[in-house]
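To be precise, the following lines are run_9.txt, and they hold compact mmCIF, C-alpha atoms and all ligand atoms.
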```txt
# COMPACT_ATOMS: atom_id res chain seq x y z
CA MET H 277 98.50 155.09 80.32
CA GLU H 278 96.32 154.35 77.39
CA ILE H 279 96.94 154.60 73.68
CA ILE H 280 94.70 153.89 70.74
CA ILE H 281 95.81 151.38 68.15
CA ASP H 282 93.60 150.93 65.11
CA GLY H 283 90.71 152.35 67.10
CA LYS H 284 91.22 150.02 70.00
CA LYS H 285 92.07 151.31 73.47
CA CYS H 286 95.25 149.64 74.71
CA GLU H 287 96.87 149.79 78.11
CA ALA H 288 100.54 150.70 77.82
CA GLN H 289 103.46 151.48 80.04
CA TYR H 290 105.64 154.54 79.62
CA GLY H 291 108.56 153.64 77.38
CA GLU H 292 107.05 150.44 76.07
CA TYR H 293 107.46 149.90 72.35
CA VAL H 294 104.36 150.31 70.24
CA LEU H 295 104.91 146.91 68.62
CA ASN H 296 104.81 145.15 71.97
CA VAL H 297 101.68 146.99 73.07
CA ALA H 298 99.96 146.09 69.83
CA ARG H 299 100.91 142.42 70.04
CA ARG H 300 99.73 142.15 73.60
CA ASN H 301 96.39 143.47 72.46
CA GLY H 302 96.08 141.02 69.65
CA ILE H 303 96.96 143.47 66.90
CA GLN H 304 99.48 141.92 64.56
CA ILE H 305 102.13 144.06 62.94
CA PRO H 306 104.52 142.22 60.64
CA ALA H 307 108.09 142.31 61.91
CA LEU H 308 111.24 140.42 61.04
CA CYS H 309 114.17 141.92 62.88
CA HIS H 310 112.45 142.27 66.22
CA TYR H 311 113.10 139.85 69.02
CA ASP H 312 111.68 140.70 72.42
CA ALA H 313 114.86 140.00 74.36
CA LEU H 314 117.04 141.88 71.88
CA PRO H 315 115.16 145.00 70.86
CA GLY H 316 116.62 147.86 68.89
CA GLN H 317 117.65 146.68 65.42
CA ALA H 318 114.95 148.46 63.43
CA THR H 319 116.60 147.39 60.22
CA CYS H 320 113.93 145.42 58.35
CA ARG H 321 111.49 148.36 58.41
CA LEU H 322 108.56 146.02 58.07
CA CYS H 323 106.89 147.07 61.32
CA ILE H 324 106.23 150.65 60.24
CA VAL H 325 103.04 152.27 61.52
CA GLU H 326 101.59 155.74 61.48
CA VAL H 327 101.60 157.51 64.80
CA GLU H 328 99.55 160.58 65.57
CA GLU H 329 100.78 162.63 68.48
CA GLY H 330 99.59 166.15 69.25
CA GLY H 331 97.75 166.33 65.95
CA ARG H 332 100.77 165.40 63.86
CA LYS H 333 101.17 162.19 61.98
CA LYS H 334 104.39 160.45 61.18
CA VAL H 335 105.62 157.07 60.07
CA VAL H 336 107.78 155.22 62.57
CA THR H 337 109.14 151.73 63.13
CA SER H 338 106.95 150.39 65.89
CA CYS H 339 109.55 147.97 67.22
CA VAL H 340 111.63 150.84 68.59
CA PHE H 341 109.07 153.60 69.00
CA PRO H 342 108.32 154.11 72.68
CA VAL H 343 105.03 155.18 74.16
CA THR H 344 105.57 158.49 75.92
CA GLY H 345 102.10 159.94 76.04
CA GLU H 346 98.77 160.01 74.35
CA MET H 347 98.90 158.70 70.83
CA GLN H 348 96.91 157.11 68.09
CA VAL H 349 98.49 154.38 66.05
CA PHE H 350 97.43 153.19 62.63
CA THR H 351 99.03 149.91 61.72
CA ASN H 352 97.42 149.37 58.40
CA SER H 353 96.47 152.70 56.87
CA GLU H 354 96.54 153.06 53.13
CA LYS H 355 99.85 154.84 53.34
CA ILE H 356 101.37 152.14 55.52
CA GLN H 357 100.08 149.42 53.25
CA ARG H 358 101.62 151.10 50.26
CA MET H 359 104.94 151.67 51.98
CA ARG H 360 105.04 148.22 53.47
CA LYS H 361 104.46 146.67 50.09
CA ASN H 362 107.50 148.47 48.80
CA ILE H 363 109.55 147.33 51.76
CA ILE H 364 108.50 143.76 51.12
CA ARG H 365 109.47 144.10 47.49
CA LEU H 366 112.89 145.36 48.48
CA LEU H 367 113.37 142.62 51.02
CA SER H 368 112.41 140.10 48.45
CA ALA H 369 114.78 141.63 45.94
CA ARG H 370 117.44 140.76 48.45
CA ALA H 371 116.18 137.27 49.24
CA PRO H 372 113.78 136.31 46.46
CA ASN H 373 113.44 132.67 47.38
CA ASN H 374 113.09 133.01 51.10
CA GLU H 375 109.99 131.28 52.43
CA PHE H 376 109.19 133.93 55.03
CA ILE H 377 109.40 136.73 52.55
CA LYS H 378 107.52 134.82 49.91
CA LYS H 379 104.73 134.39 52.41
CA LEU H 380 104.71 138.12 53.08
CA ARG H 381 104.47 138.79 49.36
CA GLN H 382 101.46 136.55 49.24
CA GLU H 383 99.80 138.13 52.25
CA TYR H 384 100.19 141.55 50.70
CA GLY H 385 98.98 140.39 47.32
CA LEU H 386 102.15 141.31 45.49
CA LEU H 387 102.45 140.18 41.92
CA PRO H 388 105.57 138.39 40.74
CA GLU H 389 108.46 140.82 40.61
CA THR H 390 109.56 142.15 37.28
CA ARG H 391 111.54 145.17 38.32
CA PHE H 392 114.02 143.79 40.83
CA SER H 393 116.00 140.63 40.53
CA GLY H 394 118.10 139.14 43.26
CA ASP H 395 120.27 136.22 44.22
CA ASP H 396 118.12 133.09 44.34
CA LYS H 397 120.29 131.52 46.99
CA GLU H 398 120.32 134.49 49.34
CA ASN H 399 118.26 134.29 52.51
CA CYS H 400 119.88 136.92 54.71
CA ILE H 401 118.25 140.34 54.84
CA LEU H 402 121.14 141.77 56.90
CA CYS H 403 118.94 142.73 59.80
CA GLY H 404 121.78 142.17 62.26
CA LEU H 405 119.79 140.23 64.82
CA CYS H 406 122.23 137.31 64.81
CA VAL H 407 125.22 139.57 65.37
CA ARG H 408 123.36 141.16 68.22
CA ALA H 409 122.52 137.78 69.75
CA CYS H 410 126.14 136.69 69.56
CA ASP H 411 127.31 139.96 71.09
CA GLU H 412 124.78 139.53 73.85
CA THR H 413 126.12 136.10 74.77
CA GLY H 414 129.46 137.80 75.19
CA ILE H 415 131.10 135.87 72.38
CA SER H 416 131.00 138.17 69.36
CA ALA H 417 132.15 135.55 66.91
CA ILE H 418 130.27 137.03 63.97
CA SER H 419 129.88 140.49 62.57
CA THR H 420 128.82 142.31 59.47
CA VAL H 421 131.57 142.25 56.91
CA ASN H 422 132.20 144.59 53.96
CA ARG H 423 129.67 147.20 53.04
CA GLY H 424 127.22 148.26 50.41
CA ILE H 425 126.13 145.51 48.07
CA GLU H 426 128.88 143.27 49.36
CA LYS H 427 127.80 143.42 52.96
CA LYS H 428 127.21 140.11 54.67
CA VAL H 429 127.37 138.45 58.05
CA SER H 430 130.33 136.22 58.67
CA THR H 431 133.19 135.17 60.88
CA PRO H 432 136.59 136.84 60.49
CA PHE H 433 138.15 135.81 57.18
CA ASP H 434 135.15 133.50 56.59
CA GLU H 435 136.97 130.88 58.59
CA ALA H 436 135.97 128.67 61.48
CA SER H 437 136.02 131.14 64.30
CA GLU H 438 138.18 130.52 67.30
CA ALA H 439 135.69 132.39 69.45
CA CYS H 440 132.47 130.64 68.39
CA ILE H 441 131.08 128.15 70.88
CA GLY H 442 128.40 126.80 68.57
CA CYS H 443 125.58 127.79 70.88
CA GLY H 444 123.29 128.39 67.93
CA ALA H 445 121.81 131.61 69.29
CA CYS H 446 122.44 133.26 65.94
CA ALA H 447 120.57 130.58 64.01
CA PHE H 448 117.81 130.57 66.59
CA VAL H 449 116.99 134.28 66.33
CA CYS H 450 117.41 134.61 62.57
CA PRO H 451 113.99 135.61 61.23
CA THR H 452 114.56 134.21 57.76
CA GLY H 453 116.34 130.99 58.63
CA ALA H 454 119.41 132.17 56.78
CA ILE H 455 122.02 130.69 59.11
CA LYS H 456 122.72 127.10 58.25
CA MET H 457 123.08 124.98 61.32
CA LEU H 458 123.10 121.23 61.00
CA ASP H 459 123.22 118.66 63.80
CA GLU H 460 124.08 115.22 62.55
CA ASN H 461 125.59 112.16 64.21
CA GLY H 462 126.56 114.07 67.31
CA ILE H 463 128.26 116.84 65.38
CA ARG H 464 126.99 120.38 64.92
CA HIS H 465 128.03 122.16 61.76
CA LEU H 466 127.86 125.91 61.99
CA TRP H 467 129.88 128.78 60.54
CA ASN H 468 132.39 126.47 58.88
CA LYS H 469 133.14 124.83 62.17
CA ASP H 470 132.30 121.40 63.55
CA PHE H 471 131.33 121.02 67.18
CA GLU H 472 131.01 117.90 69.25
CA LEU H 473 127.52 117.62 70.75
CA VAL H 474 127.09 116.43 74.31
CA ARG H 475 124.24 114.25 75.61
CA CYS H 476 121.95 115.15 78.47
CA GLU H 477 122.84 113.04 81.49
CA LYS H 478 119.20 112.28 82.16
CA CYS H 479 117.44 111.65 78.87
CA GLY H 480 120.46 111.02 76.71
CA GLU H 481 119.51 113.49 73.96
CA TYR H 482 122.18 115.68 72.42
CA PHE H 483 121.61 119.13 73.80
CA ALA H 484 124.63 121.40 73.53
CA THR H 485 128.14 121.62 72.17
CA ARG H 486 131.16 120.85 74.30
CA GLU H 487 132.40 124.43 73.88
CA HIS H 488 129.06 125.86 74.91
CA ILE H 489 128.99 123.80 78.07
CA GLU H 490 132.54 124.79 78.95
CA TYR H 491 131.60 128.39 78.45
CA MET H 492 128.53 128.10 80.69
CA LYS H 493 130.53 126.39 83.39
CA LYS H 494 133.03 129.19 83.40
CA LYS H 495 130.30 131.77 83.45
CA TYR H 496 127.87 130.31 85.96
CA GLY H 497 129.96 127.90 87.96
CA GLU H 498 130.56 124.20 87.63
CA ASP H 499 127.73 123.06 89.88
CA LYS H 500 125.05 125.41 88.62
CA CYS H 501 124.69 123.98 85.20
CA CYS H 502 125.48 122.07 82.30
CA SER H 503 124.68 118.37 82.62
CA PHE H 504 121.05 118.34 81.56
CA CYS H 505 119.02 119.53 78.64
CA GLU H 506 116.46 122.27 79.04
CA LYS H 507 113.53 119.86 79.37
CA CYS H 508 115.18 117.69 81.98
CA ARG H 509 116.40 120.70 83.88
CA LYS H 510 112.83 121.92 84.19
CA ARG H 511 111.62 118.50 85.15
CA ILE H 512 114.30 118.16 87.82
CA ALA H 513 113.47 121.59 89.22
CA GLY H 514 109.80 120.61 89.27
CA GLU H 515 110.51 117.33 91.03
CA LYS H 516 112.61 119.09 93.64
CA MET H 517 109.85 121.56 94.25
CA ALA H 518 107.26 118.80 94.54
CA ALA H 519 109.48 116.92 96.95
CA SER H 520 109.89 119.96 99.14
CA TYR H 521 106.10 120.33 99.32
CA ARG H 522 105.65 116.74 100.29
CA LYS H 523 107.95 117.14 103.27
CA MET G 232 152.84 133.51 54.86
CA GLU G 233 153.41 136.73 56.63
CA LEU G 234 157.11 136.97 57.12
CA GLN G 235 156.92 140.45 58.40
CA ASP G 236 158.27 142.30 61.28
CA PHE G 237 155.45 143.38 63.51
CA SER G 238 157.44 145.30 66.03
CA HIS G 239 156.06 148.47 64.56
CA VAL G 240 152.54 147.36 65.44
CA ARG G 241 153.69 147.24 69.05
CA ALA G 242 155.03 150.75 68.72
CA ILE G 243 151.75 151.95 67.24
CA LEU G 244 149.75 150.29 70.00
CA GLU G 245 151.89 151.75 72.73
CA HIS G 246 151.27 155.13 71.28
CA TYR G 247 147.64 154.87 72.36
CA PRO G 248 146.01 154.06 75.67
CA PRO G 249 144.21 150.72 75.48
CA GLU G 250 140.81 152.23 74.89
CA ARG G 251 138.36 151.27 72.25
CA ARG G 252 137.87 154.78 70.97
CA PHE G 253 141.37 154.71 69.49
CA LEU G 254 140.59 151.66 67.43
CA LEU G 255 140.17 153.41 64.10
CA ALA G 256 143.22 155.59 64.64
CA ILE G 257 145.29 152.50 65.39
CA LEU G 258 144.06 150.70 62.29
CA GLN G 259 144.79 153.76 60.19
CA ASP G 260 148.32 153.91 61.55
CA ILE G 261 148.88 150.26 60.79
CA GLN G 262 147.50 150.73 57.30
CA LYS G 263 149.79 153.67 56.77
CA HIS G 264 152.90 151.88 57.89
CA TYR G 265 152.38 148.51 56.22
CA ASN G 266 150.22 149.64 53.34
CA TYR G 267 147.65 147.15 54.58
CA ILE G 268 146.39 145.55 57.77
CA PRO G 269 148.27 142.32 58.25
CA ARG G 270 146.24 139.60 59.85
CA ALA G 271 148.68 139.18 62.71
CA SER G 272 148.35 142.85 63.53
CA LEU G 273 144.58 142.49 63.87
CA GLU G 274 145.18 139.86 66.48
CA MET G 275 147.59 142.12 68.29
CA VAL G 276 145.02 144.90 68.31
CA ARG G 277 142.44 142.46 69.61
CA ASP G 278 144.66 141.53 72.53
CA TYR G 279 145.64 145.10 73.26
CA LEU G 280 142.15 146.64 73.21
CA ASP G 281 140.22 143.54 74.19
CA VAL G 282 137.93 143.96 71.19
CA PRO G 283 136.54 140.85 69.51
CA LEU G 284 138.32 139.89 66.31
CA SER G 285 135.00 139.90 64.48
CA LYS G 286 134.53 143.59 65.24
CA LEU G 287 138.01 144.40 63.99
CA TYR G 288 137.46 142.42 60.85
CA SER G 289 134.14 144.17 60.37
CA MET G 290 135.81 147.54 60.62
CA ALA G 291 138.74 146.60 58.42
CA THR G 292 136.37 145.48 55.69
CA PHE G 293 134.03 148.43 56.10
CA TYR G 294 136.33 151.37 55.55
CA LYS G 295 137.73 151.81 52.10
CA ALA G 296 140.84 153.40 53.55
CA LEU G 297 141.66 150.13 55.25
CA SER G 298 142.69 147.07 53.36
CA LEU G 299 143.43 143.50 54.35
CA LYS G 300 145.44 142.89 51.24
CA PRO G 301 148.66 144.73 50.59
CA LYS G 302 148.03 147.87 48.62
CA GLY G 303 150.37 149.13 45.96
CA LYS G 304 153.16 151.54 46.69
CA HIS G 305 151.14 154.21 44.96
CA VAL G 306 147.39 154.35 45.37
CA ILE G 307 145.47 155.81 42.47
CA LYS G 308 142.05 157.11 43.33
CA VAL G 309 139.86 158.03 40.44
CA CYS G 310 136.78 159.97 41.36
CA ASP G 311 133.62 158.43 40.04
CA GLY G 312 131.24 160.78 41.82
CA THR G 313 128.34 162.28 39.94
CA ALA G 314 130.18 165.23 38.46
CA CYS G 315 133.24 163.24 37.48
CA HIS G 316 131.11 160.44 36.16
CA ILE G 317 129.34 162.85 33.86
CA LYS G 318 132.72 164.13 32.78
CA SER G 319 133.64 160.62 31.66
CA SER G 320 135.62 159.35 34.62
CA GLN G 321 134.88 155.91 33.25
CA VAL G 322 137.07 156.62 30.26
CA ILE G 323 139.92 157.59 32.61
CA ILE G 324 139.45 154.37 34.51
CA ASP G 325 139.46 152.41 31.27
CA GLU G 326 142.65 154.13 30.25
CA ILE G 327 144.35 153.21 33.53
CA LYS G 328 143.10 149.67 33.10
CA LYS G 329 144.73 149.60 29.73
CA VAL G 330 148.03 151.03 30.90
CA LEU G 331 148.39 149.10 34.13
CA ASN G 332 146.31 146.09 33.34
CA ILE G 333 144.34 146.22 36.60
CA VAL G 334 140.72 146.80 37.54
CA PRO G 335 139.50 149.02 40.38
CA GLY G 336 140.02 147.40 43.75
CA THR G 337 143.18 145.55 42.71
CA THR G 338 146.93 146.01 42.73
CA THR G 339 149.47 145.51 39.98
CA GLY G 340 151.53 142.34 40.11
CA ASP G 341 154.69 144.27 40.95
CA GLY G 342 152.93 145.91 43.89
CA LYS G 343 153.51 149.35 42.50
CA PHE G 344 150.00 150.64 41.90
CA SER G 345 146.57 150.08 43.37
CA LEU G 346 143.52 151.41 41.63
CA GLU G 347 140.45 152.59 43.47
CA THR G 348 137.39 154.58 42.68
CA VAL G 349 135.96 157.06 45.14
CA ASN G 350 132.74 158.99 45.31
CA CYS G 351 133.38 162.70 45.00
CA LEU G 352 136.58 164.28 46.20
CA GLY G 353 134.86 167.61 46.65
CA SER G 354 136.51 169.19 43.64
CA CYS G 355 133.79 168.79 41.11
CA ALA G 356 134.68 172.11 39.50
CA VAL G 357 137.81 170.55 38.02
CA SER G 358 136.30 167.18 37.25
CA PRO G 359 137.25 164.58 36.28
CA VAL G 360 139.57 164.26 39.20
CA MET G 361 142.22 161.75 40.13
CA VAL G 362 144.51 161.52 43.15
CA ILE G 363 147.71 159.53 43.36
CA ASP G 364 148.99 159.19 46.91
CA ASP G 365 148.64 162.80 48.02
CA ARG G 366 148.90 164.43 44.63
CA PHE G 367 145.91 165.83 42.96
CA TYR G 368 145.12 165.91 39.23
CA GLY G 369 142.19 167.90 37.88
CA ARG G 370 140.60 167.98 34.42
CA VAL G 371 142.26 164.73 33.57
CA ALA G 372 142.04 163.71 29.96
CA PRO G 373 142.56 160.10 28.90
CA SER G 374 145.56 161.18 26.87
CA MET G 375 147.27 162.46 30.03
CA VAL G 376 146.98 159.22 31.96
CA ARG G 377 150.06 157.48 30.66
CA ASP G 378 152.31 160.46 31.33
CA ILE G 379 150.95 160.99 34.80
CA LEU G 380 151.53 157.38 35.72
CA ALA G 381 155.01 157.47 34.26
CA GLU G 382 155.91 160.11 36.85
CA TYR G 383 155.78 157.31 39.36
CA GLY G 384 158.37 155.24 37.62
CA ARG G 385 158.56 152.73 34.88
CA LEU G 386 155.24 151.13 34.09
CA GLU G 387 156.24 147.50 34.35
CA ASN G 388 152.84 146.14 33.67
CA GLU G 389 152.62 148.04 30.51
CA ARG G 390 151.97 145.93 27.52
CA ALA G 391 154.31 146.66 24.68
S1 LIG Z 601 126.79 129.88 67.46
FE1 LIG Z 601 128.72 131.00 67.42
S2 LIG Z 601 128.26 132.74 66.07
FE2 LIG Z 601 126.26 131.91 66.65
S3 LIG Z 601 125.67 133.10 68.44
FE3 LIG Z 601 126.71 131.25 69.25
S4 LIG Z 601 128.86 131.87 69.49
FE4 LIG Z 601 127.88 133.42 68.18
S1 LIG Z 602 110.76 144.74 63.23
FE1 LIG Z 602 110.83 146.87 63.35
S2 LIG Z 602 112.22 147.39 61.82
FE2 LIG Z 602 112.30 145.20 61.79
S1 LIG Z 603 132.32 164.12 41.68
FE1 LIG Z 603 134.44 163.97 41.47
S2 LIG Z 603 135.12 165.59 42.70
FE2 LIG Z 603 132.97 165.68 42.98
```
As structure tokens, what does this structure read like?
Amino acid sequence: MEIIIDGKKCEAQYGEYVLNVARRNGIQIPALCHYDALPGQATCRLCIVEVEEGGRKKVVTSCVFPVTGEMQVFTNSEKIQRMRKNIIRLLSARAPNNEFIKKLRQEYGLLPETRFSGDDKENCILCGLCVRACDETGISAISTVNRGIEKKVSTPFDEASEACIGCGACAFVCPTGAIKMLDENGIRHLWNKDFELVRCEKCGEYFATREHIEYMKKKYGEDKCCSFCEKCRKRIAGEKMAASYRK
Amino acid sequence: MELQDFSHVRAILEHYPPERRFLLAILQDIQKHYNYIPRASLEMVRDYLDVPLSKLYSMATFYKALSLKPKGKHVIKVCDGTACHIKSSQVIIDEIKKVLNIVPGTTTGDGKFSLETVNCLGSCAVSPVMVIDDRFYGRVAPSMVRDILAEYGRLENERA
């Protein structure tokens, strides 16, 4: 099926999210809490667009709005611009010093804020993507804690979590770089816990924590994984393939 | 240190099938019995329902009715909803602060009273409203506070 985004005809599949269709067609919609493999947060609200279906217009979050039929999408109408500016101001009231949000402010020509003030050290916009990533790995070591203005993401009792395997998925997906993960001298520091890093058997680079590797072994089987880093694994697979062709 | 007897947690758990949908009910029961959710009990719930500890902690910190710190024997809830606020609930809260020497969200040193604020108890007509345990007080005036609290026993925290 075909939908029209900002005047451009775009091929789309039934059920596909508007944001994905737009991106594939080179139309950029700003988005923070969206990650292709983990859709469904819709918490940052940045990706709002106007959708016109059956003659009626409404504002929706494009990262979770599915294509179900003919529609026209406006990603940058005056209304959307105005609303998005406000959203950016609110996000930056939460995390005033965050680089990603500062850049957005700039892009949208926002003047320095006088109305809202926030915590200069805060980087988390509470989008929940990290919690989702951790849940998806099957670990669920972190969660949102408290509520209202005290809400935050943390481990139970803010302590080193027994469950956490230090895989770093949370830090990896975080759109604002709010999760502090530090690898130094073979140790990974994350969520108040220290993890021993293990070297790749081929190239010798540190590539994963001991706990993560144990977890993978349990999940996928001893022989299927866990001795090589991503790069080497690909290279080995490639070499095997090449060898099989040569035969 | 939690030198408590957690056999009652067992009893509460056994009261429910090990299904996630009973999670809140279980936590409420624990709260009711112990006046808070002891950490060890969270771990017992985790093992019983096979729910990650982080989710339990999230829930226990989300609901105001649940508390990870021991609550007082008597829980004072002062309504600070719109109607009560306009009717000077803040003055009531200040008065309680003065009498018991605690701020909202805390418990007196002797463990007798906890003070909380809530948002509208649905009785705006008799605002300002205050509830202690299950007893309801409407049209509370600051001058009544001391007497009301005294109904619950000697006010040990009271400054002379
Ligand atoms: S590093 Fe720990 S908290 Fe982060 S996603 Fe992995 S297991 Fe979860
Ligand atoms: S990307 Fe759609 S709401 Fe955050
Ligand atoms: S505002 Fe207090 S009862 Fe409604």
12 Å contact set for Met290 of chain G, only C-alpha atoms, chain neighbours under 2 positions out, as a PyMOL selection string: (chain H and resi 419-423+427+432) or (chain G and resi 254-259+268+273+282-288+292-299)
Contacts to ligand LIG 602 (chain Z) at 12 Å cut-off (all atoms listed in the file) as number ranges by chain: H: 293-296, 304-312, 314-325, 335-341, 360, 363-364, 367, 401-405, 450-452
Test item: residues no farther than 6 Å from ligand LIG 601 (chain Z), counting all atoms listed in the file, as JSON, numbers by chain: {"H": [409, 410, 415, 416, 417, 418, 440, 441, 442, 443, 444, 445, 446]}
Using only C-alpha atoms and all ligand atoms, tabulate the residues of chain G lying at most 12 Å from any atom of ligand LIG 603 (chain Z), each with its closest atom pair and that distance in Å to one decimal, by chain and increasing residue number, as a tab-separated table.
```
residue	atom	partner	partner_atom	distance
G:Lys308	CA	Z:LIG603	FE1	10.4
G:Val309	CA	Z:LIG603	FE1	8.1
G:Cys310	CA	Z:LIG603	FE1	4.6
G:Asp311	CA	Z:LIG603	FE1	5.8
G:Gly312	CA	Z:LIG603	S1	3.5
G:Thr313	CA	Z:LIG603	S1	4.7
G:Ala314	CA	Z:LIG603	S1	4.0
G:Cys315	CA	Z:LIG603	FE1	4.2
G:His316	CA	Z:LIG603	S1	6.7
G:Ile317	CA	Z:LIG603	S1	8.5
G:Lys318	CA	Z:LIG603	FE1	8.9
G:Ser319	CA	Z:LIG603	FE1	10.4
G:Ser320	CA	Z:LIG603	FE1	8.3
G:Gln321	CA	Z:LIG603	FE1	11.5
G:Thr348	CA	Z:LIG603	FE1	9.9
G:Val349	CA	Z:LIG603	FE1	8.0
G:Asn350	CA	Z:LIG603	S1	6.3
G:Cys351	CA	Z:LIG603	FE2	3.6
G:Leu352	CA	Z:LIG603	S2	4.0
G:Gly353	CA	Z:LIG603	S2	4.4
G:Ser354	CA	Z:LIG603	S2	4.0
G:Cys355	CA	Z:LIG603	FE2	3.7
G:Ala356	CA	Z:LIG603	S2	7.3
G:Val357	CA	Z:LIG603	S2	7.3
G:Ser358	CA	Z:LIG603	FE1	5.6
G:Pro359	CA	Z:LIG603	FE1	5.9
G:Val360	CA	Z:LIG603	FE1	5.6
G:Met361	CA	Z:LIG603	FE1	8.2
G:Val362	CA	Z:LIG603	S2	10.2
G:Phe367	CA	Z:LIG603	S2	10.8
G:Tyr368	CA	Z:LIG603	S2	10.6
G:Gly369	CA	Z:LIG603	S2	8.9
G:Arg370	CA	Z:LIG603	FE1	10.2
G:Val371	CA	Z:LIG603	FE1	11.1
```
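The interatomic distance for the pair atom CA of Ala298 of chain H and atom CA of Met277 of chain H works out to 13.9 Å.
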Non-local contacts of Val297 of chain H (10 Å; all atoms listed in the file; under 6 positions in same chain excluded) as a list of chain:residue names: H:Ile279, H:Ile281, H:Cys286, H:Glu287, H:Ala288, H:Gln289, H:Ile303, H:Ser338, H:Cys339, H:Pro342, H:Val343
Would you export the selected residues with C-alpha atoms as a compact mmCIF listing (two decimals), in the frame of the given file, please?
```txt
# COMPACT_ATOMS: atom_id res chain seq x y z
CA ILE H 279 96.94 154.60 73.68
CA ILE H 281 95.81 151.38 68.15
CA CYS H 286 95.25 149.64 74.71
CA GLU H 287 96.87 149.79 78.11
CA ALA H 288 100.54 150.70 77.82
CA GLN H 289 103.46 151.48 80.04
CA ILE H 303 96.96 143.47 66.90
CA SER H 338 106.95 150.39 65.89
CA CYS H 339 109.55 147.97 67.22
CA PRO H 342 108.32 154.11 72.68
CA VAL H 343 105.03 155.18 74.16
```
Two-atom distance - atom CA of Gly414 of chain H, atom CA of Ala447 of chain H (Å): 16.0 Å
Protein/DNA/RNA residues near (97.3, 153.6, 61.7), cut 8 Å, all atoms listed in the file, as a list in words: Ile281, Asp282, Val325, Glu326, Val327, Gln348, Val349, Phe350, Thr351, Asn352, Ser353 and Ile356 of chain H
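What separates atom CA of Arg377 of chain G from atom CA of Leu331 of chain G is a distance of 9.2 Å.
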